[in-house]
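Chemist: So here's start-v4.txt (compact mmCIF, N, CA, C and O atoms).
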# COMPACT_ATOMS: atom_id res chain seq x y z
N GLY R 1 90.33 -97.04 199.49
CA GLY R 1 90.90 -96.86 200.67
C GLY R 1 91.71 -97.73 201.51
O GLY R 1 91.56 -97.64 202.72
N GLY R 2 92.58 -98.53 200.94
CA GLY R 2 93.48 -99.31 201.77
C GLY R 2 94.40 -98.45 202.61
O GLY R 2 94.69 -98.76 203.76
N ARG R 3 94.82 -97.32 202.03
CA ARG R 3 95.73 -96.44 202.76
C ARG R 3 95.05 -95.81 203.96
O ARG R 3 95.66 -95.63 205.01
N VAL R 4 93.79 -95.46 203.78
CA VAL R 4 93.04 -94.85 204.88
C VAL R 4 92.92 -95.83 206.04
O VAL R 4 93.16 -95.49 207.18
N LEU R 5 92.59 -97.07 205.70
CA LEU R 5 92.46 -98.09 206.73
C LEU R 5 93.79 -98.33 207.43
O LEU R 5 93.85 -98.49 208.65
N ARG R 6 94.88 -98.32 206.66
CA ARG R 6 96.20 -98.51 207.24
C ARG R 6 96.53 -97.39 208.22
O ARG R 6 97.02 -97.64 209.31
N LEU R 7 96.22 -96.17 207.80
CA LEU R 7 96.48 -95.01 208.67
C LEU R 7 95.65 -95.13 209.95
O LEU R 7 96.14 -94.87 211.05
N PHE R 8 94.40 -95.54 209.79
CA PHE R 8 93.48 -95.71 210.91
C PHE R 8 94.08 -96.69 211.93
O PHE R 8 94.14 -96.41 213.13
N LYS R 9 94.56 -97.83 211.42
CA LYS R 9 95.13 -98.84 212.31
C LYS R 9 96.42 -98.36 212.95
O LYS R 9 96.69 -98.63 214.13
N THR R 10 97.23 -97.65 212.17
CA THR R 10 98.50 -97.14 212.70
C THR R 10 98.24 -96.14 213.83
O THR R 10 98.92 -96.17 214.86
N LEU R 11 97.27 -95.26 213.63
CA LEU R 11 96.94 -94.28 214.66
C LEU R 11 96.53 -94.98 215.96
O LEU R 11 96.95 -94.59 217.04
N HIS R 12 95.72 -96.02 215.82
CA HIS R 12 95.29 -96.75 217.02
C HIS R 12 96.46 -97.46 217.70
O HIS R 12 96.55 -97.49 218.91
N ARG R 13 97.36 -98.01 216.91
CA ARG R 13 98.53 -98.67 217.49
C ARG R 13 99.39 -97.67 218.25
O ARG R 13 99.84 -97.93 219.36
N THR R 14 99.60 -96.52 217.62
CA THR R 14 100.42 -95.48 218.24
C THR R 14 99.77 -94.97 219.52
O THR R 14 100.43 -94.78 220.54
N ARG R 15 98.45 -94.78 219.45
CA ARG R 15 97.69 -94.33 220.62
C ARG R 15 97.91 -95.29 221.78
O ARG R 15 98.11 -94.86 222.92
N GLN R 16 97.91 -96.58 221.50
CA GLN R 16 98.06 -97.56 222.57
C GLN R 16 99.46 -97.52 223.17
O GLN R 16 99.63 -97.75 224.36
N GLN R 17 100.46 -97.20 222.35
CA GLN R 17 101.81 -97.09 222.88
C GLN R 17 101.99 -95.82 223.69
O GLN R 17 102.51 -95.84 224.80
N VAL R 18 101.53 -94.71 223.12
CA VAL R 18 101.74 -93.41 223.77
C VAL R 18 101.01 -93.30 225.10
O VAL R 18 101.55 -92.79 226.07
N PHE R 19 99.78 -93.78 225.13
CA PHE R 19 98.97 -93.61 226.34
C PHE R 19 98.79 -94.91 227.12
O PHE R 19 97.81 -95.09 227.82
N LYS R 20 99.76 -95.81 226.99
CA LYS R 20 99.52 -97.14 227.56
C LYS R 20 99.24 -97.15 229.06
O LYS R 20 98.63 -98.08 229.55
N ASN R 21 99.70 -96.13 229.80
CA ASN R 21 99.45 -96.13 231.25
C ASN R 21 98.30 -95.23 231.66
O ASN R 21 98.11 -94.95 232.82
N ASP R 22 97.56 -94.73 230.67
CA ASP R 22 96.52 -93.76 230.98
C ASP R 22 95.21 -94.17 230.32
O ASP R 22 94.97 -93.84 229.16
N ALA R 23 94.39 -94.90 231.06
CA ALA R 23 93.14 -95.43 230.50
C ALA R 23 92.24 -94.33 229.94
O ALA R 23 91.64 -94.50 228.89
N ARG R 24 92.17 -93.19 230.63
CA ARG R 24 91.26 -92.14 230.17
C ARG R 24 91.76 -91.50 228.88
O ARG R 24 90.98 -91.21 227.98
N ALA R 25 93.07 -91.30 228.79
CA ALA R 25 93.62 -90.72 227.57
C ALA R 25 93.47 -91.71 226.41
O ALA R 25 93.18 -91.31 225.28
N LEU R 26 93.65 -93.00 226.71
CA LEU R 26 93.48 -94.03 225.68
C LEU R 26 92.09 -93.95 225.10
O LEU R 26 91.90 -93.96 223.88
N GLU R 27 91.11 -93.86 225.98
CA GLU R 27 89.72 -93.83 225.56
C GLU R 27 89.40 -92.54 224.80
O GLU R 27 88.76 -92.56 223.75
N ALA R 28 89.89 -91.42 225.32
CA ALA R 28 89.64 -90.13 224.66
C ALA R 28 90.24 -90.13 223.25
O ALA R 28 89.61 -89.68 222.30
N ALA R 29 91.45 -90.66 223.13
CA ALA R 29 92.11 -90.69 221.83
C ALA R 29 91.38 -91.65 220.89
O ALA R 29 91.22 -91.36 219.70
N ARG R 30 90.90 -92.75 221.43
CA ARG R 30 90.18 -93.73 220.60
C ARG R 30 88.93 -93.10 219.99
O ARG R 30 88.67 -93.20 218.79
N ILE R 31 88.18 -92.40 220.84
CA ILE R 31 86.94 -91.76 220.40
C ILE R 31 87.25 -90.69 219.35
O ILE R 31 86.59 -90.60 218.32
N LYS R 32 88.28 -89.90 219.61
CA LYS R 32 88.66 -88.83 218.70
C LYS R 32 89.04 -89.39 217.32
O LYS R 32 88.58 -88.90 216.29
N ILE R 33 89.87 -90.42 217.31
CA ILE R 33 90.30 -91.02 216.05
C ILE R 33 89.08 -91.55 215.29
O ILE R 33 88.89 -91.27 214.11
N ASN R 34 88.24 -92.30 216.01
CA ASN R 34 87.06 -92.88 215.36
C ASN R 34 86.13 -91.81 214.81
O ASN R 34 85.59 -91.94 213.71
N GLU R 35 85.95 -90.72 215.56
CA GLU R 35 85.06 -89.65 215.11
C GLU R 35 85.61 -88.97 213.87
O GLU R 35 84.87 -88.67 212.94
N GLU R 36 86.92 -88.70 213.88
CA GLU R 36 87.54 -88.05 212.73
C GLU R 36 87.36 -88.88 211.47
O GLU R 36 87.00 -88.36 210.42
N PHE R 37 87.60 -90.18 211.59
CA PHE R 37 87.47 -91.04 210.41
C PHE R 37 86.02 -91.17 209.98
O PHE R 37 85.71 -91.14 208.80
N LYS R 38 85.12 -91.28 210.97
CA LYS R 38 83.70 -91.40 210.65
C LYS R 38 83.19 -90.15 209.95
O LYS R 38 82.48 -90.23 208.96
N SER R 39 83.59 -88.99 210.48
CA SER R 39 83.05 -87.76 209.92
C SER R 39 83.56 -87.49 208.50
O SER R 39 82.96 -86.72 207.76
N ASN R 40 84.64 -88.15 208.12
CA ASN R 40 85.17 -87.91 206.78
C ASN R 40 85.05 -89.13 205.86
O ASN R 40 85.57 -89.13 204.77
N LYS R 41 84.32 -90.15 206.33
CA LYS R 41 84.34 -91.39 205.57
C LYS R 41 83.63 -91.30 204.22
O LYS R 41 83.88 -92.10 203.33
N ASN R 42 82.74 -90.31 204.04
CA ASN R 42 82.06 -90.18 202.76
C ASN R 42 82.71 -89.15 201.84
O ASN R 42 82.17 -88.79 200.81
N GLU R 43 83.87 -88.69 202.25
CA GLU R 43 84.61 -87.72 201.45
C GLU R 43 85.02 -88.38 200.13
O GLU R 43 85.57 -89.48 200.12
N THR R 44 84.73 -87.71 199.00
CA THR R 44 85.07 -88.31 197.71
C THR R 44 86.16 -87.54 196.97
O THR R 44 86.77 -88.07 196.06
N SER R 45 86.37 -86.30 197.35
CA SER R 45 87.38 -85.50 196.65
C SER R 45 88.78 -86.02 196.95
O SER R 45 89.22 -86.01 198.10
N PRO R 46 89.50 -86.48 195.91
CA PRO R 46 90.86 -87.01 196.13
C PRO R 46 91.76 -85.99 196.82
O PRO R 46 92.59 -86.34 197.65
N LYS R 47 91.58 -84.71 196.46
CA LYS R 47 92.42 -83.67 197.05
C LYS R 47 92.17 -83.57 198.55
O LYS R 47 93.09 -83.47 199.36
N LYS R 48 90.88 -83.61 198.92
CA LYS R 48 90.51 -83.50 200.33
C LYS R 48 91.00 -84.74 201.10
O LYS R 48 91.51 -84.63 202.21
N ILE R 49 90.84 -85.90 200.50
CA ILE R 49 91.28 -87.14 201.14
C ILE R 49 92.79 -87.09 201.37
O ILE R 49 93.29 -87.47 202.42
N GLU R 50 93.49 -86.56 200.36
CA GLU R 50 94.95 -86.43 200.47
C GLU R 50 95.30 -85.54 201.66
O GLU R 50 96.20 -85.84 202.44
N GLU R 51 94.57 -84.42 201.81
CA GLU R 51 94.80 -83.49 202.92
C GLU R 51 94.53 -84.18 204.26
O GLU R 51 95.30 -84.04 205.21
N LEU R 52 93.44 -84.91 204.34
CA LEU R 52 93.08 -85.60 205.57
C LEU R 52 94.12 -86.66 205.93
O LEU R 52 94.48 -86.82 207.10
N MET R 53 94.62 -87.35 204.90
CA MET R 53 95.66 -88.37 205.13
C MET R 53 96.91 -87.71 205.69
O MET R 53 97.57 -88.23 206.57
N LYS R 54 97.23 -86.54 205.13
CA LYS R 54 98.42 -85.81 205.58
C LYS R 54 98.26 -85.41 207.05
O LYS R 54 99.18 -85.60 207.84
N VAL R 55 97.11 -84.89 207.39
CA VAL R 55 96.84 -84.50 208.77
C VAL R 55 96.97 -85.72 209.69
O VAL R 55 97.63 -85.68 210.73
N GLY R 56 96.37 -86.83 209.26
CA GLY R 56 96.42 -88.05 210.06
C GLY R 56 97.85 -88.53 210.27
O GLY R 56 98.23 -88.93 211.37
N SER R 57 98.65 -88.48 209.21
CA SER R 57 100.04 -88.90 209.31
C SER R 57 100.83 -87.98 210.22
O SER R 57 101.67 -88.43 211.01
N ASP R 58 100.55 -86.68 210.12
CA ASP R 58 101.24 -85.72 210.98
C ASP R 58 100.91 -85.97 212.44
O ASP R 58 101.78 -85.91 213.31
N VAL R 59 99.64 -86.25 212.71
CA VAL R 59 99.21 -86.52 214.08
C VAL R 59 99.91 -87.77 214.60
O VAL R 59 100.42 -87.79 215.72
N GLU R 60 99.96 -88.79 213.76
CA GLU R 60 100.59 -90.05 214.16
C GLU R 60 102.06 -89.83 214.48
O GLU R 60 102.58 -90.29 215.49
N LEU R 61 102.74 -89.07 213.61
CA LEU R 61 104.15 -88.79 213.81
C LEU R 61 104.36 -87.98 215.09
O LEU R 61 105.27 -88.25 215.88
N LEU R 62 103.48 -87.01 215.30
CA LEU R 62 103.57 -86.17 216.49
C LEU R 62 103.41 -87.02 217.75
O LEU R 62 104.18 -86.90 218.69
N LEU R 63 102.42 -87.89 217.74
CA LEU R 63 102.19 -88.77 218.88
C LEU R 63 103.42 -89.64 219.14
O LEU R 63 103.83 -89.84 220.27
N ARG R 64 103.99 -90.15 218.03
CA ARG R 64 105.07 -91.10 218.16
C ARG R 64 106.37 -90.43 218.61
O ARG R 64 107.20 -91.04 219.27
N THR R 65 106.57 -89.17 218.19
CA THR R 65 107.85 -88.55 218.45
C THR R 65 107.82 -87.53 219.57
O THR R 65 108.86 -87.12 220.07
N SER R 66 106.63 -87.08 219.94
CA SER R 66 106.60 -86.05 220.98
C SER R 66 106.98 -86.68 222.30
O SER R 66 106.68 -87.84 222.56
N VAL R 67 107.65 -85.92 223.13
CA VAL R 67 108.12 -86.46 224.41
C VAL R 67 107.13 -86.13 225.50
O VAL R 67 107.50 -85.92 226.63
N ILE R 68 105.85 -86.06 225.14
CA ILE R 68 104.88 -85.72 226.17
C ILE R 68 103.79 -86.77 226.24
O ILE R 68 103.44 -87.39 225.26
N GLN R 69 103.33 -86.96 227.42
CA GLN R 69 102.16 -87.80 227.60
C GLN R 69 101.21 -87.03 228.50
O GLN R 69 101.62 -86.45 229.48
N GLY R 70 99.96 -87.02 228.11
CA GLY R 70 99.00 -86.27 228.90
C GLY R 70 98.62 -86.99 230.17
O GLY R 70 98.39 -88.18 230.17
N ILE R 71 98.58 -86.26 231.25
CA ILE R 71 98.12 -86.81 232.52
C ILE R 71 96.92 -85.95 232.92
O ILE R 71 97.01 -84.73 232.93
N HIS R 72 95.83 -86.59 233.20
CA HIS R 72 94.65 -85.82 233.59
C HIS R 72 94.80 -85.35 235.03
O HIS R 72 94.88 -86.16 235.93
N THR R 73 94.85 -84.04 235.23
CA THR R 73 94.97 -83.52 236.58
C THR R 73 93.58 -83.41 237.21
O THR R 73 93.40 -83.65 238.38
N ASP R 74 92.60 -83.01 236.40
CA ASP R 74 91.23 -83.03 236.90
C ASP R 74 90.36 -83.36 235.70
O ASP R 74 90.87 -83.90 234.73
N HIS R 75 89.09 -83.04 235.74
CA HIS R 75 88.19 -83.51 234.69
C HIS R 75 88.66 -83.23 233.27
O HIS R 75 88.69 -84.13 232.45
N ASN R 76 89.00 -81.98 232.98
CA ASN R 76 89.28 -81.68 231.59
C ASN R 76 90.66 -81.12 231.32
O ASN R 76 90.93 -80.59 230.26
N THR R 77 91.53 -81.23 232.29
CA THR R 77 92.85 -80.66 232.09
C THR R 77 93.87 -81.75 231.81
O THR R 77 93.88 -82.77 232.49
N LEU R 78 94.67 -81.51 230.82
CA LEU R 78 95.74 -82.45 230.51
C LEU R 78 97.05 -81.80 230.94
O LEU R 78 97.34 -80.68 230.53
N GLN R 79 97.79 -82.47 231.76
CA GLN R 79 99.09 -81.95 232.13
C GLN R 79 100.07 -82.79 231.34
O GLN R 79 99.96 -84.01 231.28
N LEU R 80 101.01 -82.14 230.67
CA LEU R 80 101.91 -82.88 229.82
C LEU R 80 103.22 -83.18 230.52
O LEU R 80 103.85 -82.31 231.09
N VAL R 81 103.59 -84.43 230.49
CA VAL R 81 104.84 -84.83 231.14
C VAL R 81 105.70 -85.57 230.13
O VAL R 81 105.18 -86.22 229.23
N PRO R 82 107.01 -85.49 230.27
CA PRO R 82 107.89 -86.20 229.34
C PRO R 82 107.69 -87.70 229.45
O PRO R 82 107.44 -88.22 230.53
N ARG R 83 107.79 -88.38 228.32
CA ARG R 83 107.73 -89.83 228.35
C ARG R 83 109.12 -90.34 228.65
O ARG R 83 110.06 -90.08 227.92
N LYS R 84 109.24 -91.09 229.73
CA LYS R 84 110.56 -91.56 230.14
C LYS R 84 111.16 -92.55 229.16
O LYS R 84 112.37 -92.68 229.05
N ASP R 85 110.30 -93.28 228.46
CA ASP R 85 110.83 -94.30 227.56
C ASP R 85 111.29 -93.73 226.22
O ASP R 85 111.68 -94.47 225.33
N LEU R 86 111.20 -92.42 226.07
CA LEU R 86 111.55 -91.87 224.77
C LEU R 86 113.05 -91.66 224.65
O LEU R 86 113.62 -90.80 225.29
N LEU R 87 113.65 -92.46 223.82
CA LEU R 87 115.09 -92.35 223.60
C LEU R 87 115.32 -91.88 222.19
O LEU R 87 114.47 -92.05 221.33
N ILE R 88 116.49 -91.33 221.96
CA ILE R 88 116.78 -90.78 220.64
C ILE R 88 116.70 -91.86 219.56
O ILE R 88 116.37 -91.59 218.43
N GLU R 89 116.94 -93.13 219.92
CA GLU R 89 116.88 -94.21 218.93
C GLU R 89 115.47 -94.40 218.38
O GLU R 89 115.28 -95.01 217.35
N ASN R 90 114.49 -93.90 219.13
CA ASN R 90 113.11 -94.09 218.68
C ASN R 90 112.71 -93.16 217.55
O ASN R 90 111.61 -93.25 217.05
N VAL R 91 113.57 -92.24 217.19
CA VAL R 91 113.21 -91.30 216.13
C VAL R 91 112.94 -92.10 214.87
O VAL R 91 113.77 -92.89 214.43
N PRO R 92 111.75 -91.95 214.31
CA PRO R 92 111.38 -92.76 213.16
C PRO R 92 112.17 -92.38 211.92
O PRO R 92 112.72 -91.29 211.83
N TYR R 93 112.16 -93.26 210.96
CA TYR R 93 112.81 -93.00 209.69
C TYR R 93 112.19 -91.76 209.09
O TYR R 93 110.99 -91.57 209.12
N CYS R 94 113.02 -90.92 208.55
CA CYS R 94 112.53 -89.67 207.97
C CYS R 94 112.91 -89.63 206.50
O CYS R 94 114.00 -90.03 206.12
N ASP R 95 111.99 -89.14 205.64
CA ASP R 95 112.25 -89.09 204.21
C ASP R 95 113.36 -88.12 203.84
O ASP R 95 114.01 -88.26 202.83
N VAL R 96 113.52 -87.09 204.67
CA VAL R 96 114.50 -86.07 204.34
C VAL R 96 115.87 -86.49 204.92
O VAL R 96 116.00 -86.62 206.12
N PRO R 97 116.85 -86.69 204.06
CA PRO R 97 118.16 -87.07 204.59
C PRO R 97 118.73 -85.90 205.39
O PRO R 97 118.73 -84.77 204.92
N THR R 98 119.17 -86.17 206.60
CA THR R 98 119.72 -85.08 207.40
C THR R 98 121.23 -85.04 207.19
O THR R 98 121.86 -86.08 207.06
N GLN R 99 121.74 -83.86 207.15
CA GLN R 99 123.18 -83.69 206.95
C GLN R 99 123.92 -84.14 208.20
O GLN R 99 123.56 -83.76 209.29
N LYS R 100 124.94 -84.93 208.02
CA LYS R 100 125.76 -85.33 209.16
C LYS R 100 126.56 -84.11 209.59
O LYS R 100 127.13 -83.44 208.75
N GLN R 101 126.58 -83.87 210.87
CA GLN R 101 127.31 -82.70 211.36
C GLN R 101 128.82 -82.91 211.26
O GLN R 101 129.28 -83.93 211.66
So, in terms of structure tokens, how does the structure I just supplied come out?
Modeler:
Amino acid sequence: GGRVLRLFKTLHRTRQQVFKNDARALEAARIKINEEFKSNKNETSPKKIEELMKVGSDVELLLRTSVIQGIHTDHNTLQLVPRKDLLIENVPYCDVPTQKQ
């Protein structure tokens, strides 16, 4: 599992960037990431691990590219607001070459 650990660290790094101004969201995301990894840490099926890695990568990409940041309006409600720092240059490298218009 070097790849799993790498994904784990990447998710935490992304979480810190995305929710940097929201202590509660930071904490909620931290717990969620840790729980997900803990609950699957004894998984031995390569196919299942591959699926979990894919889900984790998708989540990381979504966090990194989505223009929303959750703001807690009350105890359990997340209101989504655009991230002001999100510029088109931040779009991560993508494996699929896009056709130039």
Chemist: When you count all atoms listed in the file, which of these residues is closest to Val4 of chain R: R:Thr65, R:Gln17, R:Ala29, R:Met53?
Modeler: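 Closest to Val4 of chain R of all the choices is R:Met53.
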Chemist: Using all atoms listed in the file, which of the listed residues (R:Leu11, R:Ile33, R:Glu43, R:Ala23) sits closest to Val59 of chain R?
Modeler: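 Closest residue, counting all atoms listed in the file: R:Leu11.
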Chemist: Compute the distance from (98.2, -94.9, 221.5) to each atom, counting only C-alpha atoms, keep the residues with any atom at most 12 Å away, and return them as a PyMOL selection string; use the coordinates of the file.
Modeler: chain R and resi 8-33+59-65+69-70
